[in-house]
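Asker: Here it is, the structure in full.
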There are 2 protein chains.
Amino acid sequence: MVTVAVDAGGADLGPAEVAAGAARAADRGTRVLLFGPAQEIGRVHDGVEVIDAPVSIAKQADPAYAVRTTPEASIVQATRAVAEGRAQAFVSGGSTGSALAAALFNLRRDRGVYRPALALPLPNPSGPPILLLDVGANATCRPEHLVQFAHMGSAFSQAVLGIAAPRVALLSIGEEPEKGTPDLVGVHEQLAGSRGAGLNFVGNIEGTQVVEGVADVVVMDGFTGNITLKLIEGVSGRALRLVGEMARSTPRGRLGNRLIAPTMRRLRETIDPEGPGGAYMLGLRQLGVVAHGRFSARGFAQAIDVAARGVQHDVIGRTRAALLEAGALRPPRLGSASGDDPDAASAPAATVSTS
Amino acid sequence: MVTVAVDAGGADLGPAEVAAGAARAADRGTRVLLFGPAQEIGRVHDGVEVIDAPVSIAKQADPAYAVRTTPEASIVQATRAVAEGRAQAFVSGGSTGSALAAALFNLRRDRGVYRPALALPLPNPSGPPILLLDVGANATCRPEHLVQFAHMGSAFSQAVLGIAAPRVALLSIGEEPEKGTPDLVGVHEQLAGSRGAGLNFVGNIEGTQVVEGVADVVVMDGFTGNITLKLIEGVSGRALRLVGEMARSTPRGRLGNRLIAPTMRRLRETIDPEGPGGAYMLGLRQLGVVAHGRFSARGFAQAIDVAARGVQHDVIGRTRAALLEAGALRPPRLGSASGDDPDAASAPAATVSTS
């Protein structure tokens, strides 16, 4: 049985909502260690162990500093539980920034990985989810980071989403290899060459194509990824709202609107951000899932489920194997015993779930 | 009467389609000089003068080189007509890259402007259009470029869209001033300080907020802008398609779908990319409008109309005045008599209308 350490601090609807999600996940067979204010959480469910951790650093401006100076914080305790083997993965309901900082501090990056990335399986009504990464762990990226993200995403897509040869694309401003920023042109060249070994690299795609299902994995830096994810959320929501608003202006439209209400509900559920359960934090020595701060119990249950599934499918081990096979691991540096790149631990972008 | 020079080369539907659009614009009171293959264009309409220019460089990989070596190309002739005073603005139906290169070559940047930007008024069903810039002229930008874009967009929004004190926002990955790339954090600081003089700067907005109408002008680099624009197009289109597809799976839904068909048509027209007529090229000594290569006659007529309206409202003069007032002009360099920045003329991003 998989044990998932869950941070109940920082969720918009409060720790009790996270606990309700944990209870649902426990019913479905995952053991949960729940770190949060025991008093607010109250009575607990079988399969959910509450560890009193009333301090949350989800709203701190400098997450890296907060993590180092607040060992009792719920997210710090949750990631430590994973580092110490009491759990196999963690789920954060607070801010991306503090989750990333705590994970880097307690779990550290996997050997040869430059930067962790947040990978989000975007619900796709006409096929398997489309994996977007990075959706917000790194506001700026170097070309070698994006090359690794391509492999991390492909390995994840195979292991967890069950896609045999995921089509990996680079998000750019034109399909031609020479389109985009100079950095992206370089990434394209590497992925089309030997650094793309083992990948089914399909080249650049444009913004219009992201939701069209022409690629299974779409690679981008965390700034572009965060904006992409939030535009998809905002624009889909607005389009569906406008259908209703404009229909209601005529009697015929009002009737039509009532008749398609079940369709609209179904469609909203299909593209609901709670569906995927959050973004997977890839590239660490163990697995983390960052839920959206706005999630209800349903979303948190989903996040815990996907974390458990990630452990069962050995996402971390498979990602490492894919990077190794493609020669996309960072070469060890002289004088750096751990193989870690010190600049990566300092400033996560802190974006996905901070609301 | 305003005269607009139109490049009929490079449009997906062919020069005759552009000519049909020119005829409509001429009917509405704009004189058109149409540069393209006279044979394909055929019979002409009063108010449209065809200048035979059968060579198009819209598909050339290196637009700057193509412009310098192909003086007879339709876009080069069209921009030259503006430079020589035979027309007051130009409309390009080919690629953004060649239009930008030709405009930089023949019209040059306005004094004190670092880089031209493409500004697109995004149709907004619940209010005035939302101006996005840059949507693809510059794949990479320095902070001072974005500061100028804010002023250029604000001046445009006032002059052409009639918004008295446009709310100007910076697209980022969090509302807090310190969120985003280091460059964006610096831009925020400048716009919130003295470099934002005369602006109604409302701070950062996130991807979800772009279409919500919380800002009238949204500033971003051309890479982010191109992806933003294309995501909006792709995601809105998909959402509306899905409503229809999912509704048709039940008898009740099929009936509802028929009843809301007029609503859907109206909504599609409202958000149609042909509506705004293309993107305005700001920051040059004269005005250009880049239509989408995919446009039909309706879109080209619209593009010619907006170019004429831009001339009537003195977009260029007003933008210049706003930059001057805010002290956001580039200081003249020693040894550079023209005030031009040579690095800007070389590599436009070439993205909006290349299909």
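Lettering and numbering for the structure tokens are positional, with chains as A, B, ... in the shown order, residues counted from 1 in each chain, and ligands counted from 1 in the shown order.
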Identify, on the basis of only C-alpha atoms, every residue whose closest approach to stretch 297-314 of chain A does not exceed 8 Å; exclude the query and any residue fewer than 2 positions from it along the same chain; express the result as a short mmCIF file (atom, residue, chain, number, x, y, z; two decimals) with all heavy atoms, in the first residue's frame.
Answerer:
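Resulting contents of selection_16.cif:
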data_model
loop_
_atom_site.label_atom_id
_atom_site.label_comp_id
_atom_site.auth_asym_id
_atom_site.auth_seq_id
_atom_site.Cartn_x
_atom_site.Cartn_y
_atom_site.Cartn_z
N VAL A 2 0.50 2.20 -0.83
CA VAL A 2 1.28 3.44 -0.93
C VAL A 2 0.84 4.40 0.17
O VAL A 2 -0.35 4.52 0.46
CB VAL A 2 1.07 4.10 -2.31
CG1 VAL A 2 1.83 5.42 -2.39
CG2 VAL A 2 1.50 3.16 -3.43
N THR A 3 1.83 5.09 0.78
CA THR A 3 1.51 6.14 1.75
C THR A 3 1.88 7.48 1.13
O THR A 3 2.98 7.66 0.60
CB THR A 3 2.31 5.94 3.05
OG1 THR A 3 2.01 4.65 3.57
CG2 THR A 3 1.95 7.01 4.07
N VAL A 4 0.93 8.43 1.18
CA VAL A 4 1.16 9.77 0.64
C VAL A 4 1.11 10.78 1.78
O VAL A 4 0.18 10.77 2.59
CB VAL A 4 0.11 10.11 -0.44
CG1 VAL A 4 0.30 11.55 -0.94
CG2 VAL A 4 0.21 9.14 -1.62
N VAL A 6 0.48 14.45 2.95
CA VAL A 6 -0.32 15.54 2.41
C VAL A 6 -0.21 16.78 3.30
O VAL A 6 -0.36 16.69 4.52
CB VAL A 6 -1.80 15.12 2.29
CG1 VAL A 6 -2.67 16.28 1.81
CG2 VAL A 6 -1.93 13.92 1.35
N GLU A 17 -11.24 20.72 4.32
CA GLU A 17 -11.56 20.32 2.95
C GLU A 17 -10.51 19.32 2.43
O GLU A 17 -10.85 18.33 1.79
CB GLU A 17 -11.61 21.57 2.05
CG GLU A 17 -12.14 21.33 0.65
CD GLU A 17 -13.66 21.10 0.59
OE1 GLU A 17 -14.36 21.50 1.55
OE2 GLU A 17 -14.11 20.51 -0.40
N VAL A 18 -9.24 19.62 2.74
CA VAL A 18 -8.16 18.71 2.34
C VAL A 18 -8.36 17.36 3.03
O VAL A 18 -8.20 16.29 2.41
CB VAL A 18 -6.77 19.30 2.68
CG1 VAL A 18 -5.67 18.38 2.16
CG2 VAL A 18 -6.62 20.70 2.09
N ALA A 19 -8.74 17.42 4.32
CA ALA A 19 -8.95 16.18 5.09
C ALA A 19 -10.08 15.35 4.47
O ALA A 19 -9.98 14.12 4.38
CB ALA A 19 -9.27 16.51 6.55
N ALA A 20 -11.12 16.04 4.00
CA ALA A 20 -12.23 15.31 3.36
C ALA A 20 -11.75 14.62 2.09
O ALA A 20 -12.16 13.48 1.80
CB ALA A 20 -13.37 16.29 3.05
N GLY A 21 -10.87 15.28 1.36
CA GLY A 21 -10.28 14.67 0.17
C GLY A 21 -9.43 13.47 0.54
O GLY A 21 -9.47 12.42 -0.11
N ALA A 22 -8.65 13.63 1.62
CA ALA A 22 -7.79 12.54 2.09
C ALA A 22 -8.63 11.32 2.46
O ALA A 22 -8.26 10.18 2.17
CB ALA A 22 -6.95 13.01 3.28
N ALA A 23 -9.78 11.58 3.10
CA ALA A 23 -10.66 10.48 3.50
C ALA A 23 -11.13 9.70 2.27
O ALA A 23 -11.12 8.46 2.26
CB ALA A 23 -11.85 11.03 4.27
N ARG A 24 -11.47 10.43 1.20
CA ARG A 24 -11.92 9.75 -0.02
C ARG A 24 -10.81 8.90 -0.63
O ARG A 24 -11.04 7.78 -1.08
CB ARG A 24 -12.33 10.78 -1.08
CG ARG A 24 -13.61 11.48 -0.75
CD ARG A 24 -14.15 12.16 -2.00
NE ARG A 24 -14.95 13.31 -1.62
CZ ARG A 24 -15.55 14.12 -2.48
NH1 ARG A 24 -15.39 13.92 -3.78
NH2 ARG A 24 -16.27 15.13 -2.06
N ALA A 25 -9.59 9.47 -0.64
CA ALA A 25 -8.46 8.72 -1.20
C ALA A 25 -8.18 7.48 -0.36
O ALA A 25 -7.85 6.41 -0.90
CB ALA A 25 -7.23 9.62 -1.29
N THR A 30 -5.44 4.32 -0.47
CA THR A 30 -4.14 4.95 -0.22
C THR A 30 -4.06 5.37 1.25
O THR A 30 -5.01 5.95 1.78
CB THR A 30 -3.97 6.18 -1.13
OG1 THR A 30 -4.10 5.78 -2.50
CG2 THR A 30 -2.61 6.84 -0.92
N GLN A 88 5.77 7.71 0.42
CA GLN A 88 6.49 7.55 -0.86
C GLN A 88 6.30 8.74 -1.81
O GLN A 88 6.98 8.84 -2.82
CB GLN A 88 6.03 6.27 -1.57
CG GLN A 88 6.57 5.00 -0.94
CD GLN A 88 5.69 4.55 0.21
OE1 GLN A 88 4.50 4.41 0.07
NE2 GLN A 88 6.29 4.36 1.39
N ALA A 89 5.35 9.61 -1.49
CA ALA A 89 5.12 10.80 -2.32
C ALA A 89 4.43 11.84 -1.46
O ALA A 89 3.89 11.50 -0.40
CB ALA A 89 4.26 10.45 -3.53
N PHE A 90 4.46 13.10 -1.93
CA PHE A 90 3.73 14.11 -1.16
C PHE A 90 2.77 14.87 -2.07
O PHE A 90 2.94 14.92 -3.30
CB PHE A 90 4.70 15.08 -0.46
CG PHE A 90 5.33 16.09 -1.38
CD1 PHE A 90 4.74 17.34 -1.59
CD2 PHE A 90 6.51 15.81 -2.05
CE1 PHE A 90 5.30 18.27 -2.45
CE2 PHE A 90 7.09 16.73 -2.91
CZ PHE A 90 6.48 17.96 -3.11
N VAL A 91 1.76 15.45 -1.42
CA VAL A 91 0.81 16.31 -2.12
C VAL A 91 0.75 17.63 -1.38
O VAL A 91 0.63 17.65 -0.15
CB VAL A 91 -0.60 15.68 -2.17
CG1 VAL A 91 -1.65 16.71 -2.60
CG2 VAL A 91 -0.63 14.49 -3.12
N GLY A 93 -1.14 21.34 -0.92
CA GLY A 93 -2.35 22.10 -1.22
C GLY A 93 -2.11 23.57 -1.03
O GLY A 93 -3.03 24.37 -1.02
N ALA A 159 4.70 6.12 -18.71
CA ALA A 159 4.53 5.39 -17.45
C ALA A 159 3.14 5.59 -16.85
O ALA A 159 2.52 4.63 -16.39
CB ALA A 159 5.60 5.82 -16.44
N VAL A 160 2.66 6.81 -16.83
CA VAL A 160 1.43 7.09 -16.11
C VAL A 160 0.21 7.21 -17.03
O VAL A 160 -0.88 6.76 -16.70
CB VAL A 160 1.58 8.37 -15.26
CG1 VAL A 160 0.28 8.75 -14.59
CG2 VAL A 160 2.66 8.16 -14.22
N GLU A 274 -9.87 20.36 -11.65
CA GLU A 274 -9.73 19.39 -10.56
C GLU A 274 -9.54 17.98 -11.10
O GLU A 274 -9.02 17.11 -10.40
CB GLU A 274 -10.96 19.43 -9.63
CG GLU A 274 -11.13 20.76 -8.92
CD GLU A 274 -11.90 20.66 -7.60
OE1 GLU A 274 -12.04 19.55 -7.06
OE2 GLU A 274 -12.34 21.71 -7.11
N GLY A 275 -9.96 17.75 -12.33
CA GLY A 275 -9.88 16.41 -12.91
C GLY A 275 -8.49 15.80 -12.84
O GLY A 275 -8.32 14.72 -12.29
N PRO A 276 -7.47 16.51 -13.35
CA PRO A 276 -6.13 15.92 -13.32
C PRO A 276 -5.52 15.86 -11.92
O PRO A 276 -4.51 15.20 -11.72
CB PRO A 276 -5.30 16.82 -14.24
CG PRO A 276 -6.11 18.02 -14.51
CD PRO A 276 -7.53 17.73 -14.17
N GLY A 277 -6.09 16.53 -10.94
CA GLY A 277 -5.60 16.43 -9.57
C GLY A 277 -4.37 17.28 -9.29
O GLY A 277 -3.83 17.23 -8.20
N GLY A 278 -3.92 18.04 -10.25
CA GLY A 278 -2.77 18.90 -10.01
C GLY A 278 -1.61 18.57 -10.92
O GLY A 278 -1.73 17.77 -11.85
N TYR A 280 2.33 17.27 -11.53
CA TYR A 280 3.37 16.39 -10.99
C TYR A 280 4.69 17.13 -10.97
O TYR A 280 5.08 17.75 -11.96
CB TYR A 280 3.55 15.17 -11.88
CG TYR A 280 2.43 14.17 -11.84
CD1 TYR A 280 1.26 14.37 -12.56
CD2 TYR A 280 2.56 13.00 -11.09
CE1 TYR A 280 0.25 13.43 -12.54
CE2 TYR A 280 1.54 12.06 -11.07
CZ TYR A 280 0.39 12.27 -11.80
OH TYR A 280 -0.60 11.35 -11.79
N LEU A 287 8.52 11.59 -5.60
CA LEU A 287 7.45 12.25 -6.34
C LEU A 287 6.64 13.24 -5.48
O LEU A 287 6.36 12.97 -4.32
CB LEU A 287 6.51 11.18 -6.89
CG LEU A 287 5.43 11.67 -7.86
CD1 LEU A 287 6.03 12.25 -9.12
CD2 LEU A 287 4.49 10.51 -8.21
N GLY A 288 6.28 14.35 -6.10
CA GLY A 288 5.37 15.30 -5.46
C GLY A 288 4.26 15.68 -6.42
O GLY A 288 4.45 15.64 -7.63
N VAL A 289 3.11 16.04 -5.88
CA VAL A 289 2.01 16.54 -6.71
C VAL A 289 1.54 17.86 -6.11
O VAL A 289 1.31 17.96 -4.90
CB VAL A 289 0.83 15.53 -6.76
CG1 VAL A 289 -0.40 16.15 -7.42
CG2 VAL A 289 1.25 14.26 -7.50
N VAL A 290 1.46 18.89 -6.94
CA VAL A 290 1.01 20.19 -6.48
C VAL A 290 -0.44 20.40 -6.90
O VAL A 290 -0.73 20.53 -8.09
CB VAL A 290 1.89 21.33 -7.06
CG1 VAL A 290 1.42 22.69 -6.54
CG2 VAL A 290 3.35 21.11 -6.69
N ALA A 291 -1.32 20.36 -5.92
CA ALA A 291 -2.74 20.59 -6.20
C ALA A 291 -2.96 22.09 -6.35
O ALA A 291 -2.12 22.90 -5.97
CB ALA A 291 -3.59 20.03 -5.08
N PHE A 295 -8.75 23.99 -4.99
CA PHE A 295 -9.44 22.69 -5.09
C PHE A 295 -10.40 22.43 -3.94
O PHE A 295 -10.19 22.86 -2.81
CB PHE A 295 -8.41 21.56 -5.11
CG PHE A 295 -7.85 21.26 -6.47
CD1 PHE A 295 -8.15 22.04 -7.57
CD2 PHE A 295 -7.01 20.16 -6.65
CE1 PHE A 295 -7.62 21.75 -8.83
CE2 PHE A 295 -6.48 19.85 -7.89
CZ PHE A 295 -6.78 20.65 -8.98
N ILE A 316 9.44 8.08 -11.17
CA ILE A 316 10.79 8.60 -10.94
C ILE A 316 11.84 7.70 -11.60
O ILE A 316 12.71 8.18 -12.34
CB ILE A 316 11.07 8.71 -9.41
CG1 ILE A 316 10.07 9.68 -8.76
CG2 ILE A 316 12.51 9.10 -9.13
CD1 ILE A 316 10.19 11.11 -9.21
N GLY A 317 11.75 6.40 -11.36
CA GLY A 317 12.72 5.46 -11.92
C GLY A 317 12.68 5.46 -13.45
O GLY A 317 13.72 5.46 -14.11
N ARG A 318 11.47 5.52 -14.00
CA ARG A 318 11.37 5.49 -15.46
C ARG A 318 11.88 6.78 -16.09
O ARG A 318 12.47 6.76 -17.18
CB ARG A 318 9.90 5.32 -15.86
CG ARG A 318 9.36 3.96 -15.47
CD ARG A 318 8.27 3.61 -16.44
NE ARG A 318 7.35 2.66 -15.88
CZ ARG A 318 6.35 2.12 -16.56
NH1 ARG A 318 6.14 2.48 -17.80
NH2 ARG A 318 5.55 1.26 -16.01
#
Asker: Contacts of stretch 60-76 of chain B at 6 Å or less, counting only C-alpha atoms, minus same-chain residues fewer than 3 places along, as an MDAnalysis selection string?
Answerer: chainID B and resid 7 35:36 53 55:57 79 97:98 101:102
Asker: Output as a PyMOL selection string the set of chain B residues within 8 Å of chain A, with distances taken over only C-alpha atoms.
Answerer: chain B and resi 139-140+172-174+179-181+206-212+223-224+226-236+238-240+242-243+246-247+252-253+255-260+263-264+267+349+351
Asker: Please list as a PyMOL selection string every residue within 10 Å of B:Asp110, counting only C-alpha atoms and excluding residues in the same chain fewer than 2 positions away.
Answerer: chain B and resi 104+107-108+112-116+282-286+316-317+319-320+329+338-340
Asker: Could you write out, as an MDAnalysis selection string, all the residues of stretch 21-240 of chain A that DSSP marks as strand (DSSP E or B)?
Answerer: chainID A and resid 31:36 48:52 89:92 109 117:122 130:133 167:171 200:205 217:219
Asker: I'd like to know which residues of stretch 142-348 of chain A are helix (DSSP H, G or I) (by DSSP, run on the backbone); could you write them as a PyMOL selection string?
Answerer: chain A and resi 143-159+182-192+194-196+207-212+222-247+251-259+261-270+297-312+315-325+342-345
Asker: I'd like to know which of A:Gly198, A:Pro37, A:Gly9, A:Gly153 is closest to A:Ala279, using only C-alpha atoms.
Answerer: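 Nearest to A:Ala279: A:Gly153.
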Asker: Using only C-alpha atoms, which protein or nucleic acid residues come within 7 Å of stretch 184-197 of chain B? Drop anything in the same chain fewer than 5 positions from it, and give the result as a VMD selection string.
Answerer: chain B and resid 143 146 to 147 177 to 179 203 326 to 328
